[in-house]
file coords_1.cif (mmCIF, C-alpha atoms and all ligand atoms)
data_input
#
loop_
_atom_site.label_atom_id
_atom_site.label_comp_id
_atom_site.auth_asym_id
_atom_site.auth_seq_id
_atom_site.Cartn_x
_atom_site.Cartn_y
_atom_site.Cartn_z
CA MET A 1 -5.05 21.69 -6.85
CA SER A 2 -7.37 23.80 -8.93
CA GLY A 3 -9.42 26.63 -7.37
CA ASN A 4 -10.57 25.97 -3.81
CA LYS A 5 -10.61 22.24 -4.23
CA VAL A 6 -9.13 20.12 -1.46
CA TYR A 7 -7.47 16.79 -2.20
CA LEU A 8 -7.87 14.32 0.68
CA ASP A 9 -7.10 11.08 -1.13
CA TYR A 10 -3.34 10.67 -0.67
CA ALA A 11 -3.67 6.93 -0.06
CA ALA A 12 -4.83 6.62 -3.70
CA THR A 13 -1.86 8.54 -5.05
CA THR A 14 0.40 11.50 -4.32
CA PRO A 15 1.86 14.24 -6.55
CA VAL A 16 5.53 13.96 -7.54
CA ASP A 17 7.79 15.94 -5.20
CA GLU A 18 9.56 18.79 -7.04
CA ARG A 19 13.01 17.47 -6.01
CA VAL A 20 12.09 14.02 -7.32
CA LEU A 21 10.93 15.48 -10.62
CA GLN A 22 14.20 17.42 -11.02
CA ALA A 23 16.21 14.26 -10.35
CA MET A 24 14.26 12.38 -13.04
CA LEU A 25 14.22 14.95 -15.84
CA PRO A 26 17.75 14.47 -17.31
CA TYR A 27 17.05 10.78 -17.90
CA PHE A 28 14.20 11.37 -20.33
CA GLN A 29 16.35 13.18 -22.92
CA GLU A 30 20.05 13.91 -22.37
CA ARG A 31 20.79 10.63 -20.61
CA PHE A 32 18.39 8.34 -22.43
CA GLY A 33 20.69 5.32 -22.85
CA ASN A 34 19.83 1.69 -22.28
CA PRO A 35 21.80 0.39 -19.30
CA SER A 36 22.25 -2.95 -21.08
CA SER A 37 24.24 -1.28 -23.89
CA VAL A 38 28.05 -1.41 -23.90
CA HIS A 39 28.79 2.16 -25.10
CA SER A 40 29.07 5.31 -23.02
CA TRP A 41 25.33 6.15 -23.27
CA GLY A 42 24.65 2.72 -21.82
CA GLN A 43 27.28 3.16 -19.14
CA ALA A 44 25.78 6.48 -18.02
CA ALA A 45 22.35 4.85 -17.69
CA GLU A 46 23.89 1.85 -15.95
CA SER A 47 25.57 4.03 -13.37
CA ALA A 48 22.28 5.88 -12.66
CA LEU A 49 20.59 2.49 -12.28
CA GLU A 50 23.20 1.17 -9.87
CA ALA A 51 23.28 4.44 -7.89
CA SER A 52 19.49 4.18 -7.49
CA ARG A 53 19.74 0.55 -6.45
CA GLU A 54 22.44 1.45 -3.93
CA SER A 55 20.29 4.26 -2.54
CA VAL A 56 17.20 2.06 -2.20
CA ALA A 57 19.31 -0.66 -0.55
CA GLN A 58 20.67 1.87 1.95
CA THR A 59 17.19 3.12 2.75
CA LEU A 60 15.82 -0.40 3.22
CA ASN A 61 19.02 -1.52 5.01
CA CYS A 62 19.73 -4.37 2.60
CA GLN A 63 22.21 -5.28 -0.15
CA PRO A 64 21.86 -3.79 -3.66
CA ASP A 65 21.44 -7.27 -5.17
CA GLU A 66 18.37 -7.76 -2.96
CA VAL A 67 16.48 -4.95 -4.75
CA VAL A 68 14.38 -5.75 -7.85
CA PHE A 69 12.88 -2.82 -9.75
CA THR A 70 9.38 -3.40 -11.15
CA SER A 71 6.67 -1.36 -12.86
CA CYS A 72 4.44 -0.82 -9.79
CA GLY A 73 3.39 -2.08 -6.38
CA SER A 74 1.00 -4.55 -7.99
CA GLU A 75 3.78 -6.06 -10.05
CA SER A 76 5.98 -6.40 -6.96
CA ASP A 77 3.15 -8.26 -5.20
CA ASN A 78 2.66 -10.49 -8.25
CA LEU A 79 6.36 -11.32 -8.48
CA ALA A 80 6.54 -12.09 -4.75
CA LEU A 81 3.50 -14.36 -4.66
CA ARG A 82 3.80 -16.08 -8.02
CA GLY A 83 7.59 -16.27 -7.97
CA VAL A 84 7.86 -17.75 -4.48
CA ALA A 85 4.81 -20.03 -4.83
CA LEU A 86 6.13 -21.52 -8.08
CA ALA A 87 9.62 -22.03 -6.68
CA ALA A 88 8.25 -23.58 -3.47
CA ARG A 89 6.08 -26.00 -5.41
CA GLU A 90 8.97 -27.01 -7.64
CA GLN A 91 11.48 -27.41 -4.85
CA ARG A 92 9.43 -28.65 -1.89
CA GLY A 93 6.07 -29.59 -3.40
CA ALA A 94 4.51 -26.92 -1.16
CA PRO A 95 0.90 -26.08 -2.21
CA HIS A 96 -0.30 -23.94 0.75
CA ILE A 97 -0.49 -20.12 0.77
CA LEU A 98 -1.49 -18.07 3.81
CA ILE A 99 -2.72 -14.49 3.37
CA SER A 100 -4.84 -12.09 5.37
CA PRO A 101 -8.47 -11.50 4.32
CA VAL A 102 -7.90 -7.73 4.04
CA GLU A 103 -5.08 -7.67 1.47
CA HIS A 104 -5.06 -5.32 -1.51
CA HIS A 105 -6.38 -7.00 -4.67
CA ALA A 106 -2.81 -7.11 -5.99
CA VAL A 107 -2.21 -9.82 -3.37
CA SER A 108 -5.67 -11.36 -2.88
CA HIS A 109 -6.54 -11.70 -6.57
CA THR A 110 -3.05 -13.04 -7.31
CA ALA A 111 -3.49 -15.69 -4.60
CA LEU A 112 -6.94 -16.58 -5.99
CA ASP A 113 -5.45 -16.86 -9.45
CA LEU A 114 -2.78 -19.24 -8.13
CA ALA A 115 -5.57 -21.29 -6.56
CA ARG A 116 -7.69 -21.35 -9.72
CA GLN A 117 -5.01 -21.89 -12.32
CA MET A 118 -2.40 -23.85 -10.41
CA GLN A 119 -4.37 -25.56 -7.65
CA PHE A 120 -2.66 -23.80 -4.78
CA ASP A 121 -4.55 -24.06 -1.51
CA VAL A 122 -5.11 -20.49 -0.26
CA GLU A 123 -6.04 -20.07 3.40
CA LEU A 124 -7.23 -16.79 4.92
CA LEU A 125 -5.90 -15.77 8.32
CA PRO A 126 -8.28 -14.44 10.94
CA VAL A 127 -8.24 -10.70 11.73
CA ASP A 128 -9.57 -8.85 14.75
CA GLU A 129 -12.29 -6.17 14.64
CA TRP A 130 -9.69 -3.61 13.49
CA GLY A 131 -8.41 -5.77 10.66
CA LYS A 132 -5.20 -6.67 12.45
CA VAL A 133 -3.41 -10.01 12.00
CA HIS A 134 -1.86 -11.51 15.14
CA ALA A 135 1.40 -13.47 15.00
CA GLN A 136 -0.10 -16.25 17.11
CA SER A 137 -2.77 -17.01 14.51
CA VAL A 138 -0.07 -17.24 11.83
CA ALA A 139 1.92 -19.64 14.06
CA GLU A 140 -1.15 -21.85 14.47
CA ARG A 141 -1.67 -22.16 10.72
CA LEU A 142 1.85 -22.64 9.38
CA ARG A 143 2.45 -26.07 7.85
CA PRO A 144 5.60 -27.70 6.51
CA GLU A 145 3.96 -27.46 3.08
CA THR A 146 3.27 -23.70 3.33
CA ALA A 147 4.84 -22.06 0.26
CA LEU A 148 4.63 -18.51 1.63
CA VAL A 149 2.82 -16.16 3.98
CA SER A 150 1.77 -12.68 2.85
CA VAL A 151 0.42 -10.07 5.28
CA MET A 152 0.24 -6.37 4.45
CA TYR A 153 2.20 -3.87 6.54
CA ALA A 154 -0.46 -1.14 6.55
CA ASN A 155 -3.97 -1.43 5.16
CA ASN A 156 -4.86 0.98 2.36
CA GLU A 157 -8.57 1.01 3.13
CA ILE A 158 -8.72 1.18 6.93
CA GLY A 159 -5.19 2.28 7.83
CA THR A 160 -4.45 -0.50 10.33
CA VAL A 161 -0.77 -1.31 10.85
CA ASN A 162 0.17 -4.96 11.41
CA PRO A 163 2.88 -6.29 13.77
CA ILE A 164 5.08 -7.29 10.83
CA ALA A 165 8.27 -8.06 12.78
CA GLU A 166 6.37 -10.46 15.06
CA ILE A 167 4.69 -12.25 12.16
CA ALA A 168 8.00 -12.42 10.28
CA ALA A 169 9.73 -13.92 13.33
CA VAL A 170 7.16 -16.73 13.49
CA CYS A 171 7.65 -17.48 9.78
CA ARG A 172 11.42 -17.33 10.03
CA GLN A 173 11.41 -19.81 12.89
CA ALA A 174 9.40 -22.22 10.73
CA GLY A 175 11.61 -21.59 7.69
CA ILE A 176 8.67 -20.29 5.60
CA PRO A 177 9.19 -17.24 3.32
CA PHE A 178 7.28 -14.15 4.47
CA HIS A 179 6.18 -11.32 2.17
CA THR A 180 4.71 -8.00 3.19
CA ASP A 181 2.92 -5.51 0.95
CA ALA A 182 4.39 -2.23 2.23
CA VAL A 183 3.03 -0.13 -0.65
CA GLN A 184 0.92 2.00 1.66
CA ALA A 185 3.25 1.79 4.67
CA ALA A 186 6.46 3.02 3.02
CA ALA A 187 5.24 6.63 3.01
CA TYR A 188 5.31 6.95 6.80
CA LEU A 189 6.52 3.78 8.55
CA PRO A 190 10.05 2.40 9.03
CA THR A 191 11.14 0.19 6.13
CA ASP A 192 14.30 -1.36 7.62
CA VAL A 193 14.01 -4.95 6.40
CA GLN A 194 16.43 -6.21 9.05
CA SER A 195 14.30 -5.01 11.97
CA LEU A 196 11.15 -6.09 10.13
CA GLN A 197 12.78 -9.49 9.44
CA VAL A 198 10.78 -9.90 6.22
CA ASP A 199 12.01 -12.02 3.28
CA LEU A 200 10.15 -10.04 0.63
CA MET A 201 8.66 -6.53 0.70
CA SER A 202 6.76 -4.62 -2.02
CA ILE A 203 6.78 -0.85 -2.47
CA GLY A 204 5.39 1.51 -5.14
CA ALA A 205 6.72 5.03 -5.71
CA HIS A 206 3.47 6.91 -6.37
CA LYS A 207 2.27 6.37 -2.80
CA PHE A 208 5.23 8.35 -1.41
CA TYR A 209 5.57 11.38 -3.72
CA GLY A 210 7.35 9.48 -6.47
CA PRO A 211 6.17 8.81 -10.02
CA LYS A 212 3.47 6.32 -11.04
CA GLY A 213 4.52 3.21 -12.92
CA VAL A 214 7.52 2.12 -10.86
CA GLY A 215 7.93 -0.12 -7.85
CA ALA A 216 10.46 -2.34 -6.17
CA LEU A 217 10.56 -5.71 -4.48
CA PHE A 218 13.04 -6.53 -1.74
CA VAL A 219 14.04 -10.21 -2.03
CA ARG A 220 16.28 -11.48 0.76
CA ARG A 221 19.37 -13.38 -0.44
CA GLY A 222 18.71 -17.11 -0.41
CA THR A 223 14.94 -16.76 -0.98
CA ARG A 224 13.83 -19.20 -3.65
CA ILE A 225 11.91 -17.31 -6.31
CA SER A 226 11.16 -17.90 -10.00
CA ALA A 227 10.94 -15.22 -12.66
CA VAL A 228 7.42 -14.27 -13.69
CA GLN A 229 8.31 -12.03 -16.62
CA THR A 230 10.91 -13.70 -18.85
CA GLY A 231 13.13 -12.34 -21.58
CA GLY A 232 16.42 -10.51 -21.02
CA SER A 233 18.54 -11.00 -17.92
CA GLN A 234 17.68 -7.65 -16.26
CA GLU A 235 17.13 -7.48 -12.51
CA HIS A 236 19.17 -10.57 -11.61
CA ASP A 237 17.19 -12.61 -14.16
CA LEU A 238 13.99 -11.98 -12.19
CA ARG A 239 12.30 -9.29 -14.27
CA ALA A 240 12.98 -8.98 -17.99
CA GLY A 241 12.53 -5.64 -19.77
CA THR A 242 14.57 -2.54 -20.53
CA HIS A 243 14.95 -0.50 -17.36
CA ASN A 244 12.88 2.66 -17.03
CA ILE A 245 15.75 4.78 -15.74
CA PRO A 246 13.90 8.09 -15.11
CA LEU A 247 11.25 6.34 -13.03
CA ILE A 248 13.77 4.22 -11.14
CA VAL A 249 15.78 7.37 -10.33
CA GLY A 250 12.49 8.95 -9.15
CA LEU A 251 11.61 6.01 -6.92
CA ALA A 252 15.02 6.08 -5.25
CA ALA A 253 14.87 9.85 -4.63
CA ALA A 254 11.30 9.72 -3.30
CA LEU A 255 11.98 6.75 -1.01
CA ARG A 256 15.04 8.46 0.45
CA LEU A 257 13.08 11.66 1.16
CA ALA A 258 10.16 9.71 2.63
CA GLN A 259 12.35 7.79 5.03
CA GLU A 260 14.55 10.79 5.97
CA GLN A 261 11.51 12.93 6.72
CA ARG A 262 9.31 10.16 8.07
CA GLU A 263 9.09 11.32 11.67
CA HIS A 264 8.75 14.97 10.76
CA ARG A 265 5.95 14.22 8.28
CA ALA A 266 4.11 11.90 10.66
CA GLY A 267 4.48 14.43 13.47
CA TRP A 268 2.79 17.08 11.33
CA LEU A 269 -0.05 14.88 10.09
CA LYS A 270 -1.03 12.94 13.20
CA PRO A 271 -2.62 15.84 15.12
CA LEU A 272 -4.57 16.88 11.99
CA ARG A 273 -5.77 13.31 11.57
CA ASP A 274 -6.76 13.02 15.22
CA ARG A 275 -8.68 16.27 15.15
CA LEU A 276 -10.54 15.06 12.06
CA ILE A 277 -11.40 11.70 13.64
CA GLY A 278 -12.45 13.22 16.96
CA ARG A 279 -14.75 15.82 15.45
CA ILE A 280 -16.40 13.46 12.97
CA LEU A 281 -17.21 10.83 15.61
CA GLU A 282 -18.52 13.58 17.88
CA GLU A 283 -20.62 15.47 15.36
CA ILE A 284 -22.02 12.83 13.05
CA PRO A 285 -24.62 10.49 14.52
CA GLU A 286 -24.22 6.77 13.85
CA SER A 287 -20.62 7.11 12.72
CA GLN A 288 -17.80 4.72 13.46
CA LEU A 289 -14.04 4.72 12.88
CA THR A 290 -12.85 1.75 10.81
CA GLY A 291 -9.44 0.25 11.45
CA HIS A 292 -7.33 0.48 14.55
CA PRO A 293 -7.71 3.63 16.70
CA ILE A 294 -3.97 3.80 17.56
CA ASP A 295 -1.99 1.43 15.34
CA ARG A 296 -2.90 3.17 12.11
CA MET A 297 -1.23 5.20 9.37
CA PRO A 298 -0.51 8.76 10.60
CA ASN A 299 -2.29 10.31 7.59
CA HIS A 300 -5.26 7.95 7.49
CA ALA A 301 -8.83 8.40 8.76
CA SER A 302 -11.63 6.05 7.69
CA PHE A 303 -15.22 5.78 8.75
CA VAL A 304 -18.56 4.14 8.17
CA PHE A 305 -21.86 5.99 8.45
CA ARG A 306 -24.91 3.79 9.00
CA ARG A 307 -27.48 3.87 6.19
CA ALA A 308 -25.62 6.34 3.99
CA ASP A 309 -24.47 5.29 0.53
CA GLY A 310 -20.71 5.81 0.32
CA ASN A 311 -20.64 6.54 -3.41
CA THR A 312 -23.40 9.16 -3.08
CA LEU A 313 -21.42 10.78 -0.29
CA LEU A 314 -18.29 10.83 -2.45
CA MET A 315 -20.16 12.55 -5.28
CA LEU A 316 -21.67 15.16 -2.97
CA LEU A 317 -18.24 15.85 -1.51
CA ASP A 318 -16.70 16.12 -4.97
CA VAL A 319 -19.29 18.71 -5.98
CA ALA A 320 -18.49 20.60 -2.77
CA GLY A 321 -14.78 20.55 -3.73
CA PHE A 322 -13.41 17.68 -1.63
CA ALA A 323 -11.72 14.61 -3.10
CA CYS A 324 -12.01 11.55 -0.85
CA SER A 325 -12.47 7.84 -1.37
CA SER A 326 -14.72 5.10 -0.08
CA GLY A 327 -11.79 2.76 0.42
CA SER A 328 -9.64 1.34 -2.28
CA ALA A 329 -9.51 3.53 -5.42
CA CYS A 330 -9.99 0.42 -7.54
CA LYS A 331 -13.46 -0.07 -6.09
CA THR A 332 -14.97 3.29 -6.99
CA GLY A 333 -18.29 2.80 -8.74
CA ASP A 334 -18.78 -0.63 -7.21
CA PRO A 335 -22.07 -0.76 -5.29
CA GLU A 336 -21.00 -3.81 -3.28
CA PRO A 337 -19.62 -3.25 0.22
CA SER A 338 -15.86 -3.70 0.37
CA ASP A 339 -14.43 -7.17 1.09
CA VAL A 340 -12.27 -5.58 3.74
CA LEU A 341 -15.19 -4.18 5.76
CA LEU A 342 -17.12 -7.43 5.39
CA ALA A 343 -14.05 -9.36 6.62
CA LEU A 344 -14.22 -7.25 9.80
CA GLY A 345 -17.73 -8.60 10.33
CA MET A 346 -19.35 -5.26 9.63
CA PRO A 347 -23.07 -5.37 8.75
CA ARG A 348 -24.01 -4.29 5.20
CA GLU A 349 -25.99 -1.23 6.29
CA TRP A 350 -22.84 0.11 7.86
CA ALA A 351 -20.31 -1.21 5.34
CA LEU A 352 -22.04 0.49 2.37
CA GLY A 353 -21.45 3.90 3.97
CA SER A 354 -17.67 4.01 4.02
CA LEU A 355 -15.49 7.09 3.68
CA ARG A 356 -11.70 7.28 3.57
CA VAL A 357 -9.98 10.61 4.18
CA THR A 358 -6.22 10.53 3.73
CA LEU A 359 -4.03 13.56 4.37
CA GLY A 360 -0.80 14.58 2.70
CA LEU A 361 2.12 16.96 2.93
CA SER A 362 0.20 19.95 1.62
CA THR A 363 -2.87 19.42 3.80
CA THR A 364 -3.44 22.39 6.11
CA SER A 365 -5.57 22.78 9.22
CA ASP A 366 -7.77 25.13 7.17
CA ASP A 367 -8.43 22.24 4.77
CA ILE A 368 -9.49 20.09 7.72
CA GLU A 369 -11.72 22.83 9.14
CA SER A 370 -13.47 23.49 5.86
CA PHE A 371 -13.99 19.77 5.36
CA LEU A 372 -15.44 19.42 8.87
CA ALA A 373 -17.72 22.35 8.17
CA VAL A 374 -19.48 20.57 5.29
CA LEU A 375 -19.25 16.86 6.10
CA PRO A 376 -22.15 16.53 8.61
CA GLU A 377 -24.57 18.10 6.13
CA MET A 378 -23.22 15.92 3.29
CA VAL A 379 -23.72 12.74 5.33
CA ALA A 380 -27.26 13.82 6.21
CA ARG A 381 -27.96 14.50 2.54
CA ALA A 382 -26.47 11.16 1.46
CA ARG A 383 -28.70 9.45 4.04
CA ARG A 384 -31.81 11.15 2.70
CA LEU A 385 -30.89 10.25 -0.90
CA SER A 386 -30.04 6.65 0.05
CA ALA A 387 -33.38 6.33 1.85
CA VAL A 388 -35.21 7.48 -1.33
CA GLU A 389 -33.34 4.89 -3.39
CA GLU A 390 -34.24 2.02 -1.09
C1 LIG A 401 -1.65 1.17 -4.08
C2 LIG A 401 -1.44 -0.16 -3.45
C3 LIG A 401 -1.02 -1.27 -4.23
C4 LIG A 401 -0.85 -1.19 -5.72
O1 LIG A 401 0.25 -0.40 -6.05
P1 LIG A 401 0.37 0.21 -7.57
O2 LIG A 401 1.73 0.81 -7.58
O3 LIG A 401 -0.71 1.19 -7.70
O4 LIG A 401 0.25 -0.96 -8.47
C5 LIG A 401 -0.82 -2.46 -3.58
N1 LIG A 401 -0.98 -2.58 -2.26
C6 LIG A 401 -1.37 -1.55 -1.47
C7 LIG A 401 -1.52 -1.75 -0.01
C8 LIG A 401 -1.60 -0.30 -2.05
O5 LIG A 401 -2.00 0.72 -1.28
#
call {"tool": "encode", "arguments": {"input": "coords_1.cif", "output": "structure tokens", "more": "lines below"}}
Ligand SMILES: *Cc1c(COP(=O)(O)O)cnc(C)c1O
result
Amino acid sequence: MSGNKVYLDYAATTPVDERVLQAMLPYFQERFGNPSSVHSWGQAAESALEASRESVAQTLNCQPDEVVFTSCGSESDNLALRGVALAAREQRGAPHILISPVEHHAVSHTALDLARQMQFDVELLPVDEWGKVHAQSVAERLRPETALVSVMYANNEIGTVNPIAEIAAVCRQAGIPFHTDAVQAAAYLPTDVQSLQVDLMSIGAHKFYGPKGVGALFVRRGTRISAVQTGGSQEHDLRAGTHNIPLIVGLAAALRLAQEQREHRAGWLKPLRDRLIGRILEEIPESQLTGHPIDRMPNHASFVFRRADGNTLLMLLDVAGFACSSGSACKTGDPEPSDVLLALGMPREWALGSLRVTLGLSTTSDDIESFLAVLPEMVARARRLSAVEE
């Protein structure tokens, strides 16, 4: 970035990969057609759309007609939850929704909205101290009248990776649709929907070096789902609106690169992450890792520091030239402890002092060293300032 600043917030968003940008550029001007048009401009756009769909389907190991392009990860989550819940109510009278208590707001607030506006009965699954959902606890709570189950693949705030294939197997056996929010996971974890056995899976391009404002939802053939956005017949009648071809082309290119280079990228980042975690826990008193120590995103480190205000710490770090987060980007400026940390049973005096450090493809070991050189002093300072405020 600019000057000596170090960006360590890649779970919030990533820059667009140069190759992805080059793939997108022609579709803003020379090839600007609407794929729904009959003429040759339309046909050129249509073939770019179908090539992108084909590429995404190959990467996810599914059929092209199982891919729905959306405007972001949040929209994919909305379509999955609302679309499947509405269809399940209509077809089977099913009013029960099961989600984890550590979902991104795109899932949790959507489920709450379905409860408030449409009287769905939303039940929260238990999680362990690392925020992990176990397949057994899903099995124990499935009912014939369950409309759908939604459990995130990897947690954006604490990095924990869930056993998605096991949870999906339990749901499949009971004949209940299973959705996973893979928006964070898709950058570094396998996204083969056949091995994962999921019925629906959300992704969003800007988390894996693609552009902002575009996402996709995998919907397995035979899954009953209603449209949420109505109008034209785009996206198999599931999502009306003129296709954003440049962004769709960008998503397909970025997803392909992410999955092709997955192991290489993870192999580079993991040792940097582990060095960061090890040194912080060693050097900063009253510090704790949040999320699972092993089953976590390869680029993700997250902590709590007792009696230190997380937002103060973020501001001090920003002034020192380091961009981090206290958890979910959407919560910045919110003085309340995060729902996710509270769901883990973490006491307030710990939960208020959260810090998320997420690495990316241009992170170097020098970045990590310079961050480690300032962090202990910044935490000490945040603790002194928080003590004054109290
Ligand atoms: C970022 C994120 C979302 C939202 O995706 P957008 O494309 O920003 O709408 C949803 N779920 C998780 C887990 C995320 O990390």
call {"tool": "closest_residue", "arguments": {"input": "coords_1.cif", "among": "A:Ala240, A:Val56, A:Ala185, A:Ile368", "to": "ligand LIG 401 (chain A)", "atoms": "only C-alpha atoms and all ligand atoms"}}
result
A:Ala185
call {"tool": "atom_distance", "arguments": {"input": "coords_1.cif", "atom1": "atom CA of Met201 of chain A", "atom2": "atom CA of Asp181 of chain A"}}
result
5.8 Å
call {"tool": "residues_around", "arguments": {"input": "coords_1.cif", "residues": "Val193 of chain A", "least_positions_apart": "4", "cutoff": "9 Å", "atoms": "only C-alpha atoms", "output": "PyMOL selection string"}}
result
chain A and resi 60-62+197-201+218+220
call {"tool": "closest_residue", "arguments": {"input": "coords_1.cif", "among": "A:Ala57, A:Met118, A:Leu251, A:Leu196", "to": "ligand LIG 401 (chain A)", "atoms": "all atoms listed in the file"}}
result
A:Leu251
call {"tool": "atom_distance", "arguments": {"input": "coords_1.cif", "atom1": "atom C2 of ligand LIG 401 (chain A)", "atom2": "atom CA of Gln29 of chain A"}}
result
29.6 Å
call {"tool": "residues_around", "arguments": {"input": "coords_1.cif", "residues": "Glu349 of chain A", "least_positions_apart": "5", "cutoff": "10 Å", "atoms": "all atoms listed in the file", "output": "list in words"}}
result
Val304, Phe305, Arg306, Arg307, Ala308, Asp309 and Pro337 of chain A
call {"tool": "residues_near_ligand", "arguments": {"input": "coords_1.cif", "ligand": "ligand LIG 401 (chain A)", "cutoff": "10 Å", "atoms": "all atoms listed in the file", "output": "count of residues only"}}
result
48
call {"tool": "build_atoms", "arguments": {"input": "coords_1.cif", "residues": "segment 263-269 of chain A", "atoms": "all heavy atoms", "output": "mmCIF file, keeping the file's coordinate frame"}}
result
data_model
loop_
_atom_site.group_PDB
_atom_site.id
_atom_site.type_symbol
_atom_site.label_atom_id
_atom_site.label_comp_id
_atom_site.auth_asym_id
_atom_site.auth_seq_id
_atom_site.Cartn_x
_atom_site.Cartn_y
_atom_site.Cartn_z
ATOM 1 N N GLU A 263 9.599 10.918 10.361
ATOM 2 C CA GLU A 263 9.090 11.320 11.670
ATOM 3 C C GLU A 263 8.539 12.738 11.642
ATOM 4 O O GLU A 263 7.510 13.028 12.245
ATOM 5 C CB GLU A 263 10.191 11.187 12.725
ATOM 6 C CG GLU A 263 10.393 9.719 13.030
ATOM 7 C CD GLU A 263 11.505 9.458 14.023
ATOM 8 O OE1 GLU A 263 11.949 10.400 14.715
ATOM 9 O OE2 GLU A 263 11.922 8.286 14.086
ATOM 10 N N HIS A 264 9.212 13.588 10.899
ATOM 11 C CA HIS A 264 8.750 14.970 10.760
ATOM 12 C C HIS A 264 7.373 15.008 10.098
ATOM 13 O O HIS A 264 6.451 15.690 10.561
ATOM 14 C CB HIS A 264 9.779 15.736 9.932
ATOM 15 C CG HIS A 264 9.370 17.120 9.607
ATOM 16 N ND1 HIS A 264 9.360 18.130 10.547
ATOM 17 C CD2 HIS A 264 8.916 17.661 8.451
ATOM 18 C CE1 HIS A 264 8.923 19.240 9.974
ATOM 19 N NE2 HIS A 264 8.651 18.979 8.708
ATOM 20 N N ARG A 265 7.225 14.248 9.009
ATOM 21 C CA ARG A 265 5.950 14.220 8.280
ATOM 22 C C ARG A 265 4.834 13.644 9.137
ATOM 23 O O ARG A 265 3.731 14.189 9.202
ATOM 24 C CB ARG A 265 6.107 13.377 7.000
ATOM 25 C CG ARG A 265 6.984 14.044 5.949
ATOM 26 C CD ARG A 265 7.170 13.167 4.711
ATOM 27 N NE ARG A 265 7.958 13.890 3.699
ATOM 28 C CZ ARG A 265 8.211 13.410 2.486
ATOM 29 N NH1 ARG A 265 7.761 12.218 2.115
ATOM 30 N NH2 ARG A 265 8.916 14.130 1.632
ATOM 31 N N ALA A 266 5.130 12.538 9.822
ATOM 32 C CA ALA A 266 4.110 11.900 10.660
ATOM 33 C C ALA A 266 3.729 12.825 11.813
ATOM 34 O O ALA A 266 2.556 12.927 12.176
ATOM 35 C CB ALA A 266 4.610 10.561 11.180
ATOM 36 N N GLY A 267 4.718 13.528 12.352
ATOM 37 C CA GLY A 267 4.480 14.430 13.470
ATOM 38 C C GLY A 267 3.565 15.589 13.075
ATOM 39 O O GLY A 267 2.766 16.075 13.879
ATOM 40 N N TRP A 268 3.647 15.998 11.832
ATOM 41 C CA TRP A 268 2.790 17.080 11.330
ATOM 42 C C TRP A 268 1.368 16.568 11.080
ATOM 43 O O TRP A 268 0.385 17.224 11.405
ATOM 44 C CB TRP A 268 3.410 17.631 10.034
ATOM 45 C CG TRP A 268 2.480 18.371 9.129
ATOM 46 C CD1 TRP A 268 2.016 17.947 7.913
ATOM 47 C CD2 TRP A 268 1.889 19.654 9.350
ATOM 48 N NE1 TRP A 268 1.175 18.886 7.375
ATOM 49 C CE2 TRP A 268 1.080 19.949 8.241
ATOM 50 C CE3 TRP A 268 1.970 20.581 10.401
ATOM 51 C CZ2 TRP A 268 0.345 21.116 8.129
ATOM 52 C CZ3 TRP A 268 1.236 21.759 10.293
ATOM 53 C CH2 TRP A 268 0.446 22.018 9.171
ATOM 54 N N LEU A 269 1.259 15.367 10.533
ATOM 55 C CA LEU A 269 -0.050 14.880 10.090
ATOM 56 C C LEU A 269 -0.913 14.282 11.205
ATOM 57 O O LEU A 269 -2.137 14.403 11.167
ATOM 58 C CB LEU A 269 0.144 13.833 8.985
ATOM 59 C CG LEU A 269 0.629 14.436 7.666
ATOM 60 C CD1 LEU A 269 1.070 13.340 6.708
ATOM 61 C CD2 LEU A 269 -0.478 15.270 7.037
#
